[in-house]
>>> print(open('upload-v7.pdb').read())   # PDB, C-alpha atoms
ATOM      1  CA  MET B  21      -6.494  10.342 -23.402
ATOM      2  CA  ALA B  22      -7.592  13.747 -22.116
ATOM      3  CA  ARG B  23      -6.271  14.900 -18.769
ATOM      4  CA  PRO B  24      -9.024  15.258 -16.124
ATOM      5  CA  GLN B  25      -9.889  18.903 -15.481
ATOM      6  CA  ALA B  26      -9.934  18.508 -11.694
ATOM      7  CA  PRO B  27      -8.958  15.825  -9.155
ATOM      8  CA  VAL B  28     -11.491  13.015  -9.102
ATOM      9  CA  SER B  29     -12.905  12.227  -5.666
ATOM     10  CA  VAL B  30     -13.698   8.824  -4.159
ATOM     11  CA  THR B  31     -16.125   8.099  -1.322
ATOM     12  CA  VAL B  32     -15.477   5.068   0.879
ATOM     13  CA  LEU B  33     -18.332   3.616   2.942
ATOM     14  CA  GLY B  34     -17.648   1.072   5.665
ATOM     15  CA  GLU B  35     -16.197   0.191   9.010
ATOM     16  CA  CYS B  36     -13.323   1.170  11.235
ATOM     17  CA  VAL B  37     -11.773  -1.586  13.354
ATOM     18  CA  ALA B  38      -9.291  -1.410  16.217
ATOM     19  CA  ASP B  39      -6.582  -3.949  15.320
ATOM     20  CA  ALA B  40      -4.945  -5.207  18.504
ATOM     21  CA  PHE B  41      -1.570  -6.947  18.130
ATOM     22  CA  THR B  42       0.353  -8.829  20.785
ATOM     23  CA  ASP B  43       3.380  -6.974  22.123
ATOM     24  CA  PRO B  44       5.964  -9.671  23.028
ATOM     25  CA  ALA B  45       8.319  -7.138  24.614
ATOM     26  CA  ARG B  46       5.725  -6.253  27.253
ATOM     27  CA  SER B  47       4.026  -9.638  27.640
ATOM     28  CA  SER B  48       4.820 -12.267  30.261
ATOM     29  CA  SER B  49       3.491 -15.596  31.493
ATOM     30  CA  ASP B  50       0.771 -13.831  33.490
ATOM     31  CA  GLU B  51       0.125 -10.823  31.228
ATOM     32  CA  LEU B  52      -0.678 -10.399  27.543
ATOM     33  CA  ALA B  53       0.124  -6.907  26.324
ATOM     34  CA  LEU B  54      -1.713  -5.628  23.260
ATOM     35  CA  ARG B  55      -0.939  -2.706  20.970
ATOM     36  CA  ALA B  56      -4.100  -1.296  19.370
ATOM     37  CA  LEU B  57      -3.872   0.352  15.950
ATOM     38  CA  PRO B  58      -6.700   1.904  13.915
ATOM     39  CA  GLY B  59      -7.715  -0.293  10.989
ATOM     40  CA  GLY B  60     -10.663  -1.808   9.174
ATOM     41  CA  GLY B  61     -10.638  -2.558   5.453
ATOM     42  CA  PRO B  62     -12.657   0.428   4.196
ATOM     43  CA  ALA B  63     -10.926   2.855   6.576
ATOM     44  CA  ASN B  64      -7.527   1.555   5.434
ATOM     45  CA  THR B  65      -8.545   2.096   1.815
ATOM     46  CA  ALA B  66      -9.669   5.649   2.541
ATOM     47  CA  VAL B  67      -6.403   6.481   4.305
ATOM     48  CA  ALA B  68      -4.351   5.006   1.459
ATOM     49  CA  LEU B  69      -6.327   6.936  -1.171
ATOM     50  CA  ALA B  70      -5.912  10.224   0.667
ATOM     51  CA  ARG B  71      -2.188   9.662   1.219
ATOM     52  CA  LEU B  72      -1.805   9.088  -2.525
ATOM     53  CA  GLY B  73      -3.437  12.437  -3.187
ATOM     54  CA  THR B  74      -6.940  11.376  -4.247
ATOM     55  CA  PRO B  75      -9.625  13.593  -2.657
ATOM     56  CA  THR B  76     -11.331  11.090  -0.373
ATOM     57  CA  ARG B  77     -14.415  11.106   1.807
ATOM     58  CA  PHE B  78     -15.113   8.408   4.384
ATOM     59  CA  LEU B  79     -18.614   7.522   5.509
ATOM     60  CA  GLY B  80     -18.480   5.698   8.817
ATOM     61  CA  ARG B  81     -20.314   5.399  12.105
ATOM     62  CA  PHE B  82     -17.893   6.471  14.847
ATOM     63  CA  SER B  83     -18.414   5.377  18.420
ATOM     64  CA  THR B  84     -17.916   7.889  21.223
ATOM     65  CA  ASP B  85     -15.477   5.457  22.892
ATOM     66  CA  VAL B  86     -11.685   5.782  22.891
ATOM     67  CA  PHE B  87     -11.344   3.822  19.658
ATOM     68  CA  GLY B  88     -13.805   6.067  17.843
ATOM     69  CA  THR B  89     -11.642   9.057  18.736
ATOM     70  CA  LEU B  90      -8.592   7.188  17.427
ATOM     71  CA  PHE B  91     -10.334   6.381  14.143
ATOM     72  CA  ARG B  92     -11.359   9.973  13.511
ATOM     73  CA  ALA B  93      -7.846  11.231  14.235
ATOM     74  CA  ARG B  94      -6.177   8.772  11.873
ATOM     75  CA  LEU B  95      -8.499   9.530   8.975
ATOM     76  CA  SER B  96      -8.339  13.273   9.512
ATOM     77  CA  ASP B  97      -4.536  13.228   9.758
ATOM     78  CA  ALA B  98      -4.420  11.527   6.351
ATOM     79  CA  GLY B  99      -6.574  14.287   4.880
ATOM     80  CA  VAL B 100      -9.808  12.285   4.616
ATOM     81  CA  ASP B 101     -13.071  14.269   4.599
ATOM     82  CA  LEU B 102     -15.449  12.921   7.258
ATOM     83  CA  THR B 103     -18.488  14.915   6.141
ATOM     84  CA  GLY B 104     -21.522  12.638   6.290
ATOM     85  CA  SER B 105     -20.117  10.311   8.939
ATOM     86  CA  VAL B 106     -22.194   9.595  12.048
ATOM     87  CA  THR B 107     -21.424   9.860  15.753
ATOM     88  CA  ALA B 108     -22.901   6.687  17.237
ATOM     89  CA  PRO B 109     -23.654   5.483  20.774
ATOM     90  CA  GLU B 110     -22.705   1.858  20.070
ATOM     91  CA  PRO B 111     -19.165   0.527  20.782
ATOM     92  CA  SER B 112     -16.354   0.277  18.247
ATOM     93  CA  THR B 113     -15.359  -2.999  16.581
ATOM     94  CA  LEU B 114     -12.240  -4.711  17.962
ATOM     95  CA  ALA B 115     -10.113  -7.302  16.156
ATOM     96  CA  VAL B 116      -7.258  -9.145  17.850
ATOM     97  CA  ALA B 117      -4.631 -10.149  15.284
ATOM     98  CA  ASP B 118      -2.365 -13.179  15.548
ATOM     99  CA  LEU B 119       0.628 -12.954  13.165
ATOM    100  CA  ASP B 120       2.369 -16.120  11.963
ATOM    101  CA  GLU B 121       6.062 -16.353  11.113
ATOM    102  CA  THR B 122       5.453 -15.019   7.582
ATOM    103  CA  GLY B 123       3.554 -11.953   8.783
ATOM    104  CA  GLN B 124       0.118 -13.270   7.771
ATOM    105  CA  ALA B 125      -2.605 -12.143  10.157
ATOM    106  CA  THR B 126      -5.490 -14.190  11.573
ATOM    107  CA  TYR B 127      -8.179 -12.197  13.373
ATOM    108  CA  THR B 128     -10.557 -12.765  16.259
ATOM    109  CA  PHE B 129     -13.384 -10.207  16.152
ATOM    110  CA  TYR B 130     -15.385  -8.557  18.920
ATOM    111  CA  ALA B 131     -18.117  -6.987  16.855
ATOM    112  CA  ASP B 132     -21.610  -7.803  18.093
ATOM    113  CA  SER B 133     -23.895  -4.743  18.117
ATOM    114  CA  ALA B 134     -20.995  -2.473  17.133
ATOM    115  CA  ALA B 135     -21.530   0.987  15.682
ATOM    116  CA  ASP B 136     -20.327   0.014  12.194
ATOM    117  CA  TRP B 137     -23.316  -2.192  11.338
ATOM    118  CA  GLN B 138     -26.159   0.095  12.438
ATOM    119  CA  TRP B 139     -26.592   2.305   9.360
ATOM    120  CA  THR B 140     -30.161   3.510   8.858
ATOM    121  CA  GLY B 141     -31.777   4.481   5.600
ATOM    122  CA  GLU B 142     -32.148   8.044   6.866
ATOM    123  CA  GLU B 143     -28.434   8.334   7.677
ATOM    124  CA  LEU B 144     -27.411   7.067   4.254
ATOM    125  CA  ALA B 145     -29.916   9.278   2.448
ATOM    126  CA  THR B 146     -28.185  12.394   3.732
ATOM    127  CA  THR B 147     -24.679  11.395   2.537
ATOM    128  CA  GLY B 148     -25.162  12.266  -1.149
ATOM    129  CA  TRP B 149     -22.798  11.560  -4.038
ATOM    130  CA  GLU B 150     -22.834  14.848  -5.933
ATOM    131  CA  SER B 151     -19.114  15.517  -5.424
ATOM    132  CA  THR B 152     -17.787  11.991  -5.973
ATOM    133  CA  ALA B 153     -16.934   9.895  -9.010
ATOM    134  CA  CYS B 154     -16.660   6.519  -7.262
ATOM    135  CA  LEU B 155     -18.279   4.889  -4.244
ATOM    136  CA  HIS B 156     -16.221   2.079  -2.733
ATOM    137  CA  THR B 157     -17.537  -0.263  -0.047
ATOM    138  CA  GLY B 158     -17.591  -3.883   1.043
ATOM    139  CA  SER B 159     -16.040  -5.855   3.863
ATOM    140  CA  LEU B 160     -18.033  -6.361   7.048
ATOM    141  CA  ALA B 161     -20.221  -3.283   6.679
ATOM    142  CA  LEU B 162     -21.810  -4.737   3.554
ATOM    143  CA  ILE B 163     -22.541  -8.164   5.033
ATOM    144  CA  ARG B 164     -23.383  -7.428   8.675
ATOM    145  CA  GLN B 165     -27.000  -6.609   9.461
ATOM    146  CA  PRO B 166     -29.030  -4.528   9.881
ATOM    147  CA  GLY B 167     -26.866  -2.020   8.020
ATOM    148  CA  GLY B 168     -25.702  -4.232   5.157
ATOM    149  CA  ILE B 169     -29.003  -4.433   3.301
ATOM    150  CA  ARG B 170     -29.408  -0.672   3.653
ATOM    151  CA  ILE B 171     -25.980  -0.111   2.112
ATOM    152  CA  GLU B 172     -27.013  -2.344  -0.786
ATOM    153  CA  ASP B 173     -30.060  -0.147  -1.339
ATOM    154  CA  HIS B 174     -27.809   2.914  -1.222
ATOM    155  CA  LEU B 175     -25.500   1.401  -3.860
ATOM    156  CA  ALA B 176     -28.424   0.718  -6.177
ATOM    157  CA  LYS B 177     -29.274   4.423  -6.122
ATOM    158  CA  ALA B 178     -25.683   5.659  -6.221
ATOM    159  CA  ARG B 179     -24.687   3.635  -9.296
ATOM    160  CA  GLU B 180     -26.932   5.850 -11.400
ATOM    161  CA  HIS B 181     -24.391   8.613 -10.702
ATOM    162  CA  VAL B 182     -21.015   7.032  -9.846
ATOM    163  CA  THR B 183     -18.719   4.077 -10.435
ATOM    164  CA  VAL B 184     -19.289   1.408  -7.777
ATOM    165  CA  SER B 185     -16.378  -0.593  -6.334
ATOM    166  CA  ILE B 186     -16.785  -3.535  -3.935
ATOM    167  CA  ASP B 187     -14.237  -5.558  -1.944
ATOM    168  CA  PRO B 188     -15.948  -8.529  -0.204
ATOM    169  CA  ASN B 189     -12.989  -8.991   2.202
ATOM    170  CA  VAL B 190     -14.382 -12.266   3.560
ATOM    171  CA  ARG B 191     -14.020 -12.772   7.323
ATOM    172  CA  PRO B 192     -15.087 -16.405   7.926
ATOM    173  CA  LEU B 193     -14.543 -16.279  11.690
ATOM    174  CA  LEU B 194     -17.157 -13.565  11.990
ATOM    175  CA  VAL B 195     -19.561 -14.225   9.100
ATOM    176  CA  PRO B 196     -20.134 -17.669   7.529
ATOM    177  CA  PRO B 197     -18.820 -17.778   3.934
ATOM    178  CA  ALA B 198     -22.248 -19.020   2.832
ATOM    179  CA  ALA B 199     -23.653 -15.582   3.688
ATOM    180  CA  TYR B 200     -21.171 -13.942   1.324
ATOM    181  CA  ARG B 201     -21.930 -16.488  -1.408
ATOM    182  CA  GLU B 202     -25.627 -15.719  -1.134
ATOM    183  CA  ARG B 203     -25.140 -11.946  -1.513
ATOM    184  CA  LEU B 204     -22.259 -11.912  -4.001
ATOM    185  CA  PRO B 205     -24.343 -12.228  -7.200
ATOM    186  CA  HIS B 206     -26.342  -9.186  -6.090
ATOM    187  CA  TRP B 207     -23.138  -7.281  -5.311
ATOM    188  CA  CYS B 208     -21.800  -8.092  -8.782
ATOM    189  CA  ALA B 209     -24.984  -6.670 -10.311
ATOM    190  CA  LEU B 210     -24.323  -3.437  -8.395
ATOM    191  CA  ALA B 211     -20.560  -3.241  -8.902
ATOM    192  CA  ASP B 212     -18.433  -2.004 -11.773
ATOM    193  CA  ILE B 213     -15.268  -3.124  -9.958
ATOM    194  CA  LEU B 214     -14.918  -6.259  -7.828
ATOM    195  CA  ARG B 215     -11.558  -6.569  -6.041
ATOM    196  CA  LEU B 216     -10.797  -9.563  -3.867
ATOM    197  CA  SER B 217      -7.970 -11.791  -2.716
ATOM    198  CA  GLU B 218      -7.074 -15.357  -3.551
ATOM    199  CA  ASP B 219      -8.116 -16.309  -0.013
ATOM    200  CA  ASP B 220     -11.522 -14.717  -0.646
ATOM    201  CA  LEU B 221     -11.808 -16.703  -3.867
ATOM    202  CA  ALA B 222     -11.176 -20.002  -2.074
ATOM    203  CA  LEU B 223     -14.046 -19.255   0.311
ATOM    204  CA  LEU B 224     -16.475 -17.810  -2.238
ATOM    205  CA  LEU B 225     -15.975 -20.322  -5.069
ATOM    206  CA  PRO B 226     -14.223 -23.372  -3.578
ATOM    207  CA  GLY B 227     -12.284 -25.277  -6.231
ATOM    208  CA  ALA B 228     -12.583 -22.615  -8.932
ATOM    209  CA  ASP B 229      -9.450 -21.154 -10.490
ATOM    210  CA  PRO B 230      -9.149 -17.369 -10.844
ATOM    211  CA  GLU B 231     -10.102 -17.340 -14.531
ATOM    212  CA  GLU B 232     -13.251 -19.356 -13.898
ATOM    213  CA  ALA B 233     -14.144 -17.059 -11.027
ATOM    214  CA  CYS B 234     -13.742 -13.976 -13.217
ATOM    215  CA  ASP B 235     -16.111 -15.444 -15.811
ATOM    216  CA  THR B 236     -18.666 -16.286 -13.110
ATOM    217  CA  TRP B 237     -18.614 -12.776 -11.682
ATOM    218  CA  HIS B 238     -18.660 -11.137 -15.118
ATOM    219  CA  ALA B 239     -21.809 -13.118 -15.877
ATOM    220  CA  ALA B 240     -23.333 -11.767 -12.656
ATOM    221  CA  GLY B 241     -22.650  -8.187 -13.758
ATOM    222  CA  ALA B 242     -19.193  -6.983 -12.661
ATOM    223  CA  ARG B 243     -17.265  -5.491 -15.609
ATOM    224  CA  LEU B 244     -13.846  -5.438 -13.924
ATOM    225  CA  VAL B 245     -12.727  -8.243 -11.615
ATOM    226  CA  VAL B 246      -9.305  -8.043  -9.967
ATOM    227  CA  ILE B 247      -7.946 -10.934  -7.894
ATOM    228  CA  THR B 248      -4.756 -10.391  -5.907
ATOM    229  CA  LEU B 249      -2.604 -13.507  -5.712
ATOM    230  CA  GLY B 250      -0.150 -12.684  -2.933
ATOM    231  CA  GLY B 251       3.436 -13.140  -4.038
ATOM    232  CA  ARG B 252       2.283 -14.195  -7.520
ATOM    233  CA  GLY B 253       0.900 -10.783  -8.423
ATOM    234  CA  ALA B 254      -2.623  -9.980  -9.537
ATOM    235  CA  LEU B 255      -5.029 -11.043 -12.274
ATOM    236  CA  ALA B 256      -7.393  -8.460 -13.737
ATOM    237  CA  SER B 257     -10.252  -9.295 -16.085
ATOM    238  CA  LEU B 258     -12.141  -6.631 -18.011
ATOM    239  CA  ASP B 259     -15.214  -8.130 -19.657
ATOM    240  CA  GLY B 260     -13.246 -11.395 -19.963
ATOM    241  CA  HIS B 261     -10.031  -9.867 -21.353
ATOM    242  CA  ARG B 262      -7.224 -10.668 -18.902
ATOM    243  CA  VAL B 263      -4.004  -9.053 -17.788
ATOM    244  CA  THR B 264      -1.573 -10.093 -15.061
ATOM    245  CA  VAL B 265       0.944  -8.016 -13.137
ATOM    246  CA  PRO B 266       3.780  -9.194 -10.874
ATOM    247  CA  THR B 267       4.303  -8.491  -7.198
ATOM    248  CA  PRO B 268       7.311  -6.216  -6.595
ATOM    249  CA  ALA B 269      10.061  -7.758  -4.474
ATOM    250  CA  VAL B 270      10.106  -6.365  -0.927
ATOM    251  CA  ASP B 271      11.109  -7.565   2.513
ATOM    252  CA  VAL B 272       7.707  -8.389   3.998
ATOM    253  CA  VAL B 273       7.137  -7.283   7.584
ATOM    254  CA  ASP B 274       3.456  -8.242   7.537
ATOM    255  CA  THR B 275       0.552  -8.233   5.084
ATOM    256  CA  VAL B 276      -1.889  -6.220   7.228
ATOM    257  CA  GLY B 277      -3.761  -3.790   4.977
ATOM    258  CA  ALA B 278      -2.056  -4.943   1.769
ATOM    259  CA  GLY B 279      -5.298  -5.716  -0.058
ATOM    260  CA  ASP B 280      -6.842  -2.438   1.054
ATOM    261  CA  SER B 281      -3.791  -0.568  -0.223
ATOM    262  CA  PHE B 282      -4.008  -2.413  -3.544
ATOM    263  CA  THR B 283      -7.616  -1.304  -3.905
ATOM    264  CA  ALA B 284      -6.627   2.277  -3.111
ATOM    265  CA  GLY B 285      -3.807   2.208  -5.629
ATOM    266  CA  LEU B 286      -6.126   0.791  -8.271
ATOM    267  CA  LEU B 287      -8.828   3.411  -7.716
ATOM    268  CA  HIS B 288      -6.266   6.220  -7.477
ATOM    269  CA  ARG B 289      -4.721   5.296 -10.820
ATOM    270  CA  LEU B 290      -8.066   4.719 -12.553
ATOM    271  CA  ALA B 291      -9.115   8.155 -11.335
ATOM    272  CA  ALA B 292      -5.900   9.737 -12.644
ATOM    273  CA  LEU B 293      -6.479   8.111 -16.026
ATOM    274  CA  GLY B 294     -10.018   9.462 -16.222
ATOM    275  CA  HIS B 295     -11.923   6.185 -15.899
ATOM    276  CA  LEU B 296     -14.032   6.776 -12.789
ATOM    277  CA  GLY B 297     -17.478   8.310 -12.849
ATOM    278  CA  GLY B 298     -19.320   5.865 -15.105
ATOM    279  CA  ARG B 299     -19.391   2.256 -16.241
ATOM    280  CA  LEU B 300     -15.679   1.988 -17.241
ATOM    281  CA  ASP B 301     -16.713   2.207 -20.908
ATOM    282  CA  ARG B 302     -13.391   3.718 -22.038
ATOM    283  CA  LEU B 303     -11.103   1.501 -19.960
ATOM    284  CA  ASN B 304      -8.658  -0.539 -22.074
ATOM    285  CA  LEU B 305      -6.125  -3.244 -21.222
ATOM    286  CA  GLU B 306      -3.169  -0.857 -21.416
ATOM    287  CA  ASP B 307      -4.611   1.463 -18.785
ATOM    288  CA  LEU B 308      -5.790  -1.490 -16.718
ATOM    289  CA  THR B 309      -2.266  -2.937 -16.674
ATOM    290  CA  ASP B 310      -0.929   0.482 -15.700
ATOM    291  CA  ALA B 311      -3.415   0.800 -12.826
ATOM    292  CA  CYS B 312      -2.826  -2.723 -11.486
ATOM    293  CA  THR B 313       0.955  -2.317 -11.683
ATOM    294  CA  PHE B 314       0.745   0.847  -9.636
ATOM    295  CA  ALA B 315      -1.636  -0.827  -7.175
ATOM    296  CA  ALA B 316       0.781  -3.736  -6.718
ATOM    297  CA  HIS B 317       3.569  -1.292  -5.839
ATOM    298  CA  VAL B 318       1.395   0.479  -3.273
ATOM    299  CA  ALA B 319       0.469  -2.877  -1.696
ATOM    300  CA  ALA B 320       4.116  -3.980  -1.634
ATOM    301  CA  LEU B 321       5.155  -0.783   0.152
ATOM    302  CA  THR B 322       2.451  -1.447   2.753
ATOM    303  CA  CYS B 323       3.842  -4.959   3.304
ATOM    304  CA  SER B 324       7.315  -3.523   3.910
ATOM    305  CA  VAL B 325       6.232  -1.812   7.154
ATOM    306  CA  SER B 326       4.327  -2.929  10.248
ATOM    307  CA  GLY B 327       0.535  -2.737  10.267
ATOM    308  CA  ALA B 328      -1.856  -1.008   7.871
ATOM    309  CA  ASN B 329       0.458   1.924   7.157
ATOM    310  CA  PRO B 330       0.092   2.719   3.425
ATOM    311  CA  PRO B 331       2.600   4.988   1.675
ATOM    312  CA  TRP B 332       2.261   8.693   1.086
ATOM    313  CA  LEU B 333       2.458  10.094  -2.439
ATOM    314  CA  ASP B 334       6.175  10.915  -2.277
ATOM    315  CA  GLU B 335       7.051   7.427  -0.995
ATOM    316  CA  ALA B 336       5.103   5.755  -3.796
ATOM    317  CA  ALA B 337       6.704   8.097  -6.341
ATOM    318  CA  LEU B 338      10.179   7.037  -5.255
ATOM    319  CA  GLU B 339       9.331   3.366  -5.784
ATOM    320  CA  VAL B 340       7.245   3.510  -8.946
ATOM    321  CA  GLY B 341       8.469   6.598 -10.754
ATOM    322  CA  VAL B 342       6.700   9.935 -10.756
ATOM    323  CA  GLU B 343       5.479   9.479 -14.321
ATOM    324  CA  GLN B 344       3.214   6.614 -13.211
ATOM    325  CA  LEU B 345       1.536   8.868 -10.649
ATOM    326  CA  LEU B 346       0.425  11.395 -13.247
ATOM    327  CA  PRO B 347      -2.446  11.187 -15.744
ATOM    328  CA  HIS B 348      -1.597  10.576 -19.366
ATOM    329  CA  ALA B 349      -1.464  13.758 -21.399
TER     330      ALA B 349
END
>>> encode(input="upload-v7.pdb", output="structure tokens")
Amino acid sequence: MARPQAPVSVTVLGECVADAFTDPARSSSDELALRALPGGGPANTAVALARLGTPTRFLGRFSTDVFGTLFRARLSDAGVDLTGSVTAPEPSTLAVADLDETGQATYTFYADSAADWQWTGEELATTGWESTACLHTGSLALIRQPGGIRIEDHLAKAREHVTVSIDPNVRPLLVPPAAYRERLPHWCALADILRLSEDDLALLLPGADPEEACDTWHAAGARLVVITLGGRGALASLDGHRVTVPTPAVDVVDTVGAGDSFTAGLLHRLAALGHLGGRLDRLNLEDLTDACTFAAHVAALTCSVSGANPPWLDEAALEVGVEQLLPHA
């Protein structure tokens, strides 16, 4: 396969969320101390992509509050281009995370009328896609109104020029799963890549196994469906042809941002292999296995540290092997 002539860029469109975690060391019977970290699925994906070396642009609506300043700083420090993002008067979105003994996070959201969901058609029209090969979105920004339907319209126009990637990232405490089920067939018609978790699957298609779900979403239009299965690895289905990859063994601190890092690793590797920019017409199972294996390593490294703190390129290279980070000659 020919080596790409220049680095392939990815644009990520979506929300930033302040993830607040309890701090037991500072809490007492009459005080609950929280430690706020910048997060949000799309923002996490953008940070992970940029840290891996993929030229990345993030399209977000940043509040003028203290969290908005934090979000901008985190993305900029990772090397993310914020051109096209909006400074917004509305407040930032806040999520309070409760971690169980295995490190799994359950969130309570404070998101009504937040900046992230207020995209207008005029704002999106000015963002452009001339310098990008892939537009990734999903999560709350795609389902919350009034901005969600406008992002859908933007995707319909963008897919004439770029590969479209969607991660539903279902949040049932904030949006009823029925709302996702209603929109998902339309998202599949817009998307080339659909990446979701096993937990998402249980909410979107209750009772369906991963293979059945892949067939359902292929029929709706998505060419590549990837379902992460926690400790059991990931299943990827390209037009009905399946591959599975294992989860690398790591000492799990928590799983915050693991799915977002997987998505970033997948898009990074597909870009390096020359598959982004169209309808994945030249993607084969060998390259798909390669990309998912790399993505699983990136997600595992994220699980080995606290919070949504994806690895930088040199850290991933040490774990996976530098040869997997480079395009095929």
>>> axis_aligned_box(input="upload-v7.pdb", around="stretch 161-165 of chain B", padding_each_side="3 Å", output="lines of an AutoDock Vina configuration file")
center_x = -23.6
center_y = -5.7
center_z = 6.5
size_x = 12.8
size_y = 10.9
size_z = 11.9
>>> closest_residue(input="upload-v7.pdb", among="B:Arg92, B:His295, B:Arg81, B:His238", to="B:Thr107", atoms="only C-alpha atoms")
B:Arg81
>>> closest_residue(input="upload-v7.pdb", among="B:Ala211, B:Val116, B:Leu223, B:Leu155", to="B:Val37", atoms="only C-alpha atoms")
B:Val116
>>> resolve_selection(input="upload-v7.pdb", expression="the PyMOL selection byres ((chain B and resi 117) around 8)", output="list in words")
Asp39, Ala40, Phe41, Thr42, Ala115, Val116, Asp118, Leu119, Ala125, Thr126, Tyr127 and Thr128 of chain B
>>> write_last_selection(input="upload-v7.pdb", atoms="C-alpha atoms", output="PDB file, in the coordinates of the input")
ATOM      1  CA  ASP B  39      -6.582  -3.949  15.320  1.00  0.00           C
ATOM      2  CA  ALA B  40      -4.945  -5.207  18.504  1.00  0.00           C
ATOM      3  CA  PHE B  41      -1.570  -6.947  18.130  1.00  0.00           C
ATOM      4  CA  THR B  42       0.353  -8.829  20.785  1.00  0.00           C
ATOM      5  CA  ALA B 115     -10.113  -7.302  16.156  1.00  0.00           C
ATOM      6  CA  VAL B 116      -7.258  -9.145  17.850  1.00  0.00           C
ATOM      7  CA  ASP B 118      -2.365 -13.179  15.548  1.00  0.00           C
ATOM      8  CA  LEU B 119       0.628 -12.954  13.165  1.00  0.00           C
ATOM      9  CA  ALA B 125      -2.605 -12.143  10.157  1.00  0.00           C
ATOM     10  CA  THR B 126      -5.490 -14.190  11.573  1.00  0.00           C
ATOM     11  CA  TYR B 127      -8.179 -12.197  13.373  1.00  0.00           C
ATOM     12  CA  THR B 128     -10.557 -12.765  16.259  1.00  0.00           C
TER      13      THR B 128
END
>>> resolve_selection(input="upload-v7.pdb", expression="the PyMOL selection byres ((chain B and resi 308-320) around 6)", output="PyMOL selection string")
chain B and resi 265+267+278+281-282+285-286+289+305-307+321-323
>>> residues_near_point(input="upload-v7.pdb", point="(-8.3, 1.1, 14.3)", cutoff="6 Å", atoms="all atoms listed in the file", output="JSON, numbers by chain")
{"B": [36, 37, 38, 39, 57, 58, 59, 91]}
>>> residues_around(input="upload-v7.pdb", residues="B:Asp301", least_positions_apart="2", cutoff="12 Å", atoms="only C-alpha atoms", output="list in words")
Thr183, Asp212, Arg243, Leu244, Leu258, Asp259, Gly294, His295, Leu296, Gly297, Gly298, Arg299, Leu303, Asn304 and Leu305 of chain B
>>> resolve_selection(input="upload-v7.pdb", expression="the PyMOL selection byres ((chain B and resi 69) around 10)", output="ChimeraX atom specification")
/B:29-32,63-68,70-77,98-100,280-289,330-333
>>> residues_around(input="upload-v7.pdb", residues="stretch 176-181 of chain B", least_positions_apart="3", cutoff="7 Å", atoms="only C-alpha atoms", output="VMD selection string")
chain B and resid 149 172 to 173 184 210
>>> atom_distance(input="upload-v7.pdb", atom1="atom CA of B:Arg170", atom2="atom CA of B:His206")
13.3 Å
>>> closest_residue(input="upload-v7.pdb", among="B:His174, B:Ser159, B:Ala233, B:Pro205", to="B:Pro192", atoms="all atoms listed in the file")
B:Ser159
>>> atom_distance(input="upload-v7.pdb", atom1="atom CA of B:Leu225", atom2="atom CA of B:Gln165")
22.8 Å
>>> atom_distance(input="upload-v7.pdb", atom1="atom CA of B:Ala292", atom2="atom CA of B:Thr236")
29.0 Å
>>> closest_residue(input="upload-v7.pdb", among="B:Val195, B:Leu144, B:Leu216, B:Leu33", to="B:Asp132", atoms="only C-alpha atoms")
B:Val195
>>> closest_residue(input="upload-v7.pdb", among="B:Ala134, B:Ala328, B:Ile163, B:Leu95", to="B:Ala199", atoms="only C-alpha atoms")
B:Ile163
>>> closest_residue(input="upload-v7.pdb", among="B:Pro188, B:Gly61, B:Gly277, B:Gly80", to="B:Val325", atoms="all atoms listed in the file")
B:Gly277
>>> build_atoms(input="upload-v7.pdb", residues="stretch 45-51 of chain B", atoms="N, CA, C and O atoms", output="PDB file, in the coordinates of the input")
ATOM      1  N   ALA B  45       7.360  -7.800  23.737  1.00  0.00           N
ATOM      2  CA  ALA B  45       8.319  -7.138  24.614  1.00  0.00           C
ATOM      3  C   ALA B  45       7.714  -6.801  25.975  1.00  0.00           C
ATOM      4  O   ALA B  45       8.435  -6.672  26.969  1.00  0.00           O
ATOM      5  N   ARG B  46       6.391  -6.639  26.001  1.00  0.00           N
ATOM      6  CA  ARG B  46       5.725  -6.253  27.253  1.00  0.00           C
ATOM      7  C   ARG B  46       4.895  -7.387  27.843  1.00  0.00           C
ATOM      8  O   ARG B  46       4.296  -7.221  28.908  1.00  0.00           O
ATOM      9  N   SER B  47       4.828  -8.508  27.169  1.00  0.00           N
ATOM     10  CA  SER B  47       4.026  -9.638  27.640  1.00  0.00           C
ATOM     11  C   SER B  47       4.857 -10.546  28.542  1.00  0.00           C
ATOM     12  O   SER B  47       6.092 -10.565  28.485  1.00  0.00           O
ATOM     13  N   SER B  48       4.162 -11.300  29.386  1.00  0.00           N
ATOM     14  CA  SER B  48       4.820 -12.267  30.261  1.00  0.00           C
ATOM     15  C   SER B  48       3.896 -13.456  30.434  1.00  0.00           C
ATOM     16  O   SER B  48       2.825 -13.528  29.834  1.00  0.00           O
ATOM     17  N   SER B  49       4.290 -14.390  31.299  1.00  0.00           N
ATOM     18  CA  SER B  49       3.491 -15.596  31.493  1.00  0.00           C
ATOM     19  C   SER B  49       2.150 -15.292  32.144  1.00  0.00           C
ATOM     20  O   SER B  49       1.206 -16.078  32.020  1.00  0.00           O
ATOM     21  N   ASP B  50       2.036 -14.165  32.843  1.00  0.00           N
ATOM     22  CA  ASP B  50       0.771 -13.831  33.490  1.00  0.00           C
ATOM     23  C   ASP B  50       0.171 -12.529  32.954  1.00  0.00           C
ATOM     24  O   ASP B  50      -0.723 -11.953  33.562  1.00  0.00           O
ATOM     25  N   GLU B  51       0.665 -12.048  31.800  1.00  0.00           N
ATOM     26  CA  GLU B  51       0.125 -10.823  31.228  1.00  0.00           C
ATOM     27  C   GLU B  51       0.311 -10.851  29.709  1.00  0.00           C
ATOM     28  O   GLU B  51       1.397 -11.176  29.209  1.00  0.00           O
TER      29      GLU B  51
END
